[in-house]
Amino acid sequence: MNEVEFLILDSAFRRANLQDIAFGWTFSHAEIARAAHGLFENGDILAEFDTKEGKKVQDVTLTMSLIQVHLDGNFHFVCYLTPQGGAKWEAATHADWNRYYQWFPHRRDNSQTPELRTAEIICADRKLLERRTRIAKHSQTMQFVAGTEVFSSVEPWQVNYWKTLPKAYKVRYQYRQLKGTVDPNVVDQPISTGEKANAWSSSEIDTWYTEPLFSETEPKFPRHYPIPKKINLKQIEYLILRKVIFGLADLRMNRYSFDTNYQELSHGEIAIGADSLFQKGYIRAKVFAEGSDDRGIHYYEETPDVVLTMAGIQDHLDCYLSALYYLTPEGGEHWEAIARPDWNKLLIDDLNTICFPQSDKEPGIFATKRENIEQLLAYGEYLLEDDRQPIPGTEVWEVLEPWQVTYWKTLPRGYRLRYQYEEFDYQLQTKSDEEFDKHVSSETEIQAREWYENINKWYYQPSFD
């Protein structure tokens, strides 16, 4: 077994798609496709996908061509282990199921004491269960309710979709969620020395399997991409430009990519489009030095304003080069000429928007027109997230002159609204599935949704047919 095969098995353990593996590890699509194809052929993994009609198809052995179509973003599936594949994963990791445990909370079932929550711990070893229970009693995030423990056994225990153990032990207990944290180093905290030793030294029982070591080898497969017979270069260029409107971006994609049209581009199409945009002067790259740990590329030495060659773009897409792409001023003007944005409609109510680095965690809403923010607040019951409802009287308005909308675009004026908000308890206030099914939208809610949909259409979506 080589490293790529192990990573696919390890990901399939939790059910995954191959795009995420390609996105997260430094292996080319060709290497992943070859390894996955071998695992499918050997009967170690199978695939599950939904048809266009919504029918779920399971236990499928995929061909090489379908695997490649999936990696190119045009066919979505998840792969999972067969019992044979699970046994191969166990042999590679030396899994010790006596050290494995599961903890999971239950939905609230006591309306008279809604602050109490119920959880269960289950594991194959009784001593491990007792130790995990002691750890739960001294958790930093929850208060264990003494005397609520109920111990029982399970025979057999279905650990996951492919593994069954002959017997397991479980405990059900109640707890309260703590708003603050518990410091185990505080002298007057009522925890004895012996209890602390049991409660805080859990690292030795957290590791229940080991990842095998693999020696680094040069890629055995050519790192080039098949060029489609027909490509729409203008559309590909536009999708790349749109991806970097609001911030520097990685051109690789996975199933979490926001833009579904971009997600459907193959790596070959992305490479062609990016190469063309580099040559036209519309984009540049910031290249990062290789790091020795997982802190993130921003911690390493960077080189801005790089014009990547086709080989460099392919190295990036194959995870051999760390880079972020961004618009040049000319690229911004080119996107504006295509998309014809109406900046007066721009409303940004997403705290995670990368073009607004914020020094605190206060909610902020930005817009070119103040009345758009006011209208959003008026419809806040329907449009703002439950954990972002403002506390009346805490609103603070700011006029931004000029307003740096993005890293490449500045407008004469903008508005920002800050406010404080109350903590939202999802388990207490989240509606059940039955309540959602019975919900009927009011006329005001429909108006709010229509207004928000319209305000978000602030630039033109060109057609490239």
# chains A, B, ... in the order shown; residues from 1 in each chain; ligands from 1
>>> residues_around(residues="Tyr325 in chain A", least_positions_apart="3", cutoff="6 Å", atoms="only C-alpha atoms", output="compact mmCIF listing (two decimals) with C-alpha atoms, in the first residue's frame")
# COMPACT_ATOMS: atom_id res chain seq x y z
CA LEU A 248 -7.06 36.53 -2.78
CA ALA A 249 -8.04 32.97 -3.60
CA ARG A 284 -1.17 38.07 -10.47
CA ALA A 285 -0.16 35.52 -7.83
>>> residues_around(residues="Lys369 in chain A", least_positions_apart="6", cutoff="9 Å", atoms="only C-alpha atoms", output="ChimeraX atom specification")
/A:344-347,413-415
>>> select_by_dssp(residues="range 14-171 of chain A", states="alpha helix (DSSP H)", output="MDAnalysis selection string")
chainID A and resid 18:24 29:42 64:71 83:93 126:137
>>> write_last_selection(atoms="N, CA and C atoms", output="compact mmCIF listing (two decimals), in the first residue's frame")
# COMPACT_ATOMS: atom_id res chain seq x y z
N LEU A 18 -13.24 12.21 -3.42
CA LEU A 18 -11.83 12.28 -3.81
C LEU A 18 -11.39 13.71 -4.06
N GLN A 19 -12.32 14.61 -4.35
CA GLN A 19 -11.95 16.01 -4.56
C GLN A 19 -11.32 16.60 -3.30
N ASP A 20 -11.88 16.26 -2.13
CA ASP A 20 -11.33 16.78 -0.89
C ASP A 20 -9.92 16.28 -0.65
N ILE A 21 -9.64 15.03 -1.03
CA ILE A 21 -8.29 14.48 -0.87
C ILE A 21 -7.34 15.21 -1.80
N ALA A 22 -7.77 15.46 -3.03
CA ALA A 22 -6.93 16.18 -3.98
C ALA A 22 -6.66 17.59 -3.51
N PHE A 23 -7.67 18.21 -2.89
CA PHE A 23 -7.54 19.59 -2.43
C PHE A 23 -6.64 19.69 -1.21
N GLY A 24 -6.68 18.69 -0.34
CA GLY A 24 -5.99 18.80 0.93
C GLY A 24 -4.59 18.22 0.98
N HIS A 29 -4.07 14.85 -9.61
CA HIS A 29 -5.29 14.14 -9.94
C HIS A 29 -4.97 12.77 -10.53
N ALA A 30 -3.91 12.70 -11.32
CA ALA A 30 -3.55 11.42 -11.96
C ALA A 30 -3.19 10.38 -10.91
N GLU A 31 -2.43 10.78 -9.89
CA GLU A 31 -2.04 9.84 -8.83
C GLU A 31 -3.26 9.36 -8.04
N ILE A 32 -4.14 10.30 -7.70
CA ILE A 32 -5.33 9.93 -6.93
C ILE A 32 -6.25 9.05 -7.76
N ALA A 33 -6.42 9.38 -9.04
CA ALA A 33 -7.29 8.58 -9.91
C ALA A 33 -6.77 7.16 -10.03
N ARG A 34 -5.45 7.00 -10.22
CA ARG A 34 -4.87 5.66 -10.36
C ARG A 34 -5.05 4.86 -9.07
N ALA A 35 -4.77 5.47 -7.91
CA ALA A 35 -4.88 4.77 -6.63
C ALA A 35 -6.33 4.40 -6.34
N ALA A 36 -7.26 5.34 -6.57
CA ALA A 36 -8.68 5.08 -6.31
C ALA A 36 -9.20 3.96 -7.21
N HIS A 37 -8.79 3.99 -8.46
CA HIS A 37 -9.24 2.96 -9.41
C HIS A 37 -8.79 1.58 -8.93
N GLY A 38 -7.55 1.48 -8.45
CA GLY A 38 -7.06 0.21 -7.94
C GLY A 38 -7.85 -0.27 -6.72
N LEU A 39 -8.20 0.66 -5.82
CA LEU A 39 -8.98 0.29 -4.63
C LEU A 39 -10.39 -0.14 -4.99
N PHE A 40 -10.99 0.51 -5.98
CA PHE A 40 -12.30 0.08 -6.46
C PHE A 40 -12.21 -1.31 -7.07
N GLU A 41 -11.20 -1.54 -7.90
CA GLU A 41 -11.06 -2.82 -8.57
C GLU A 41 -10.79 -3.95 -7.58
N ASN A 42 -10.06 -3.65 -6.50
CA ASN A 42 -9.74 -4.67 -5.50
C ASN A 42 -10.89 -4.92 -4.53
N MET A 64 -12.33 4.22 -14.29
CA MET A 64 -11.34 5.28 -14.30
C MET A 64 -11.91 6.57 -14.90
N SER A 65 -12.71 6.45 -15.94
CA SER A 65 -13.26 7.65 -16.58
C SER A 65 -14.19 8.40 -15.65
N LEU A 66 -15.03 7.69 -14.87
CA LEU A 66 -15.93 8.35 -13.93
C LEU A 66 -15.16 8.99 -12.78
N ILE A 67 -14.08 8.35 -12.35
CA ILE A 67 -13.25 8.94 -11.30
C ILE A 67 -12.67 10.26 -11.79
N GLN A 68 -12.19 10.30 -13.02
CA GLN A 68 -11.61 11.52 -13.57
C GLN A 68 -12.66 12.61 -13.73
N VAL A 69 -13.86 12.23 -14.17
CA VAL A 69 -14.95 13.20 -14.29
C VAL A 69 -15.28 13.79 -12.92
N HIS A 70 -15.25 12.95 -11.89
CA HIS A 70 -15.49 13.42 -10.52
C HIS A 70 -14.41 14.41 -10.09
N LEU A 71 -13.15 14.09 -10.33
CA LEU A 71 -12.06 14.99 -9.94
C LEU A 71 -12.13 16.31 -10.69
N PRO A 83 -16.03 -4.08 4.07
CA PRO A 83 -15.39 -4.80 5.19
C PRO A 83 -13.94 -5.18 4.87
N GLN A 84 -13.68 -5.55 3.62
CA GLN A 84 -12.32 -5.87 3.23
C GLN A 84 -11.42 -4.65 3.31
N GLY A 85 -11.92 -3.50 2.84
CA GLY A 85 -11.15 -2.27 2.92
C GLY A 85 -10.93 -1.85 4.35
N GLY A 86 -11.95 -2.07 5.21
CA GLY A 86 -11.79 -1.76 6.62
C GLY A 86 -10.70 -2.59 7.27
N ALA A 87 -10.67 -3.89 6.92
CA ALA A 87 -9.62 -4.76 7.45
C ALA A 87 -8.24 -4.31 7.00
N LYS A 88 -8.15 -3.84 5.76
CA LYS A 88 -6.86 -3.35 5.25
C LYS A 88 -6.45 -2.08 5.99
N TRP A 89 -7.42 -1.19 6.28
CA TRP A 89 -7.11 0.02 7.06
C TRP A 89 -6.66 -0.35 8.46
N GLU A 90 -7.34 -1.33 9.09
CA GLU A 90 -6.97 -1.76 10.44
C GLU A 90 -5.54 -2.30 10.46
N ALA A 91 -5.18 -3.10 9.46
CA ALA A 91 -3.84 -3.68 9.41
C ALA A 91 -2.78 -2.60 9.26
N ALA A 92 -3.09 -1.55 8.51
CA ALA A 92 -2.11 -0.48 8.27
C ALA A 92 -1.96 0.42 9.49
N THR A 93 -3.02 0.60 10.27
CA THR A 93 -3.00 1.55 11.39
C THR A 93 -2.84 0.89 12.75
N ARG A 126 -14.59 -1.46 29.60
CA ARG A 126 -15.28 -0.89 30.76
C ARG A 126 -14.39 0.10 31.51
N LYS A 127 -13.09 -0.19 31.62
CA LYS A 127 -12.18 0.72 32.32
C LYS A 127 -12.06 2.05 31.58
N LEU A 128 -12.04 1.98 30.25
CA LEU A 128 -11.98 3.22 29.46
C LEU A 128 -13.25 4.03 29.68
N LEU A 129 -14.39 3.36 29.75
CA LEU A 129 -15.65 4.07 29.98
C LEU A 129 -15.61 4.80 31.33
N GLU A 130 -15.11 4.13 32.36
CA GLU A 130 -15.03 4.76 33.67
C GLU A 130 -14.09 5.96 33.64
N ARG A 131 -13.01 5.83 32.91
CA ARG A 131 -12.06 6.95 32.84
C ARG A 131 -12.64 8.11 32.05
N ARG A 132 -13.33 7.81 30.97
CA ARG A 132 -13.97 8.87 30.19
C ARG A 132 -15.07 9.56 31.00
N THR A 133 -15.73 8.82 31.85
CA THR A 133 -16.76 9.43 32.71
C THR A 133 -16.11 10.40 33.69
N ARG A 134 -14.96 10.02 34.26
CA ARG A 134 -14.27 10.92 35.18
C ARG A 134 -13.82 12.19 34.44
N ILE A 135 -13.36 12.03 33.22
CA ILE A 135 -12.94 13.19 32.43
C ILE A 135 -14.13 14.11 32.18
N ALA A 136 -15.30 13.52 31.87
CA ALA A 136 -16.50 14.33 31.63
C ALA A 136 -16.89 15.12 32.87
N LYS A 137 -16.64 14.55 34.05
CA LYS A 137 -17.00 15.23 35.29
C LYS A 137 -16.18 16.50 35.51
>>> residues_around(residues="Gln420 in chain A", least_positions_apart="6", cutoff="6 Å", atoms="only C-alpha atoms", output="ChimeraX atom specification")
/A:390-391,394
>>> residues_around(residues="range 269-278 of chain A", least_positions_apart="4", cutoff="9 Å", atoms="only C-alpha atoms", output="compact mmCIF listing (two decimals) with C-alpha atoms, in the first residue's frame")
# COMPACT_ATOMS: atom_id res chain seq x y z
CA TYR A 225 -4.24 17.51 -17.77
CA ILE A 227 -7.36 19.40 -22.79
CA PRO A 228 -11.09 19.33 -23.66
CA ILE A 231 -13.56 25.02 -24.36
CA ASN A 232 -15.25 28.34 -23.75
CA LEU A 233 -12.21 30.45 -22.81
CA LYS A 234 -14.22 33.61 -22.12
CA GLN A 235 -16.45 31.81 -19.66
CA ILE A 236 -13.49 30.16 -17.91
CA GLU A 237 -11.69 33.51 -17.61
CA TYR A 238 -14.82 35.16 -16.21
CA ILE A 240 -11.71 32.82 -12.44
CA LEU A 241 -12.07 36.61 -12.25
CA LEU A 251 -7.69 28.30 -7.73
CA ARG A 252 -8.03 24.71 -6.64
CA TYR A 262 -16.47 27.19 -11.10
CA LEU A 265 -14.33 23.32 -14.28
CA TYR A 282 -5.52 40.67 -15.47
CA ILE A 283 -4.31 38.54 -12.54
CA ARG A 284 -1.17 38.07 -10.47
CA ALA A 285 -0.16 35.52 -7.83
CA VAL A 307 3.29 35.93 -13.22
CA LEU A 308 3.05 32.15 -13.19
CA THR A 309 3.85 30.04 -16.22
CA MET A 310 1.63 27.16 -17.28
CA ILE A 313 -0.13 26.95 -12.50
CA GLN A 314 -0.14 23.16 -12.83
CA LEU A 317 -3.28 22.88 -8.94
CA GLY A 331 -8.31 42.88 -14.22
>>> closest_residue(among="A:Phe464, A:Ile245, A:Ala367, A:Leu400", to="Ile348 in chain A", atoms="only C-alpha atoms")
A:Ala367
>>> residues_around(residues="Gln375 in chain A", least_positions_apart="4", cutoff="12 Å", atoms="only C-alpha atoms", output="ChimeraX atom specification")
/A:347,365,367,369-371,379-384,447-449,451-452,455
>>> atom_distance(atom1="CA of Thr328 in chain A", atom2="CA of Phe366 in chain A")
23.7 Å
>>> closest_residue(among="A:Arg15, A:Asp315, A:Val244, A:Thr303", to="Trp335 in chain A", atoms="only C-alpha atoms")
A:Val244
>>> closest_residue(among="A:Met142, A:Ala95, A:Ala337, A:Ala311", to="Tyr209 in chain A", atoms="only C-alpha atoms")
A:Ala95
>>> atom_distance(atom1="CA of Glu3 in chain A", atom2="CA of Thr82 in chain A")
19.0 Å
>>> atom_distance(atom1="CA of Pro392 in chain A", atom2="CA of Val440 in chain A")
27.4 Å
>>> select_by_dssp(residues="range 13-194 of chain A", states="strand (DSSP E)", output="PyMOL selection string")
chain A and resi 45-50+56-60+78-81+101-105+116-123+142-144+150-154+157-158+164-165+168-177
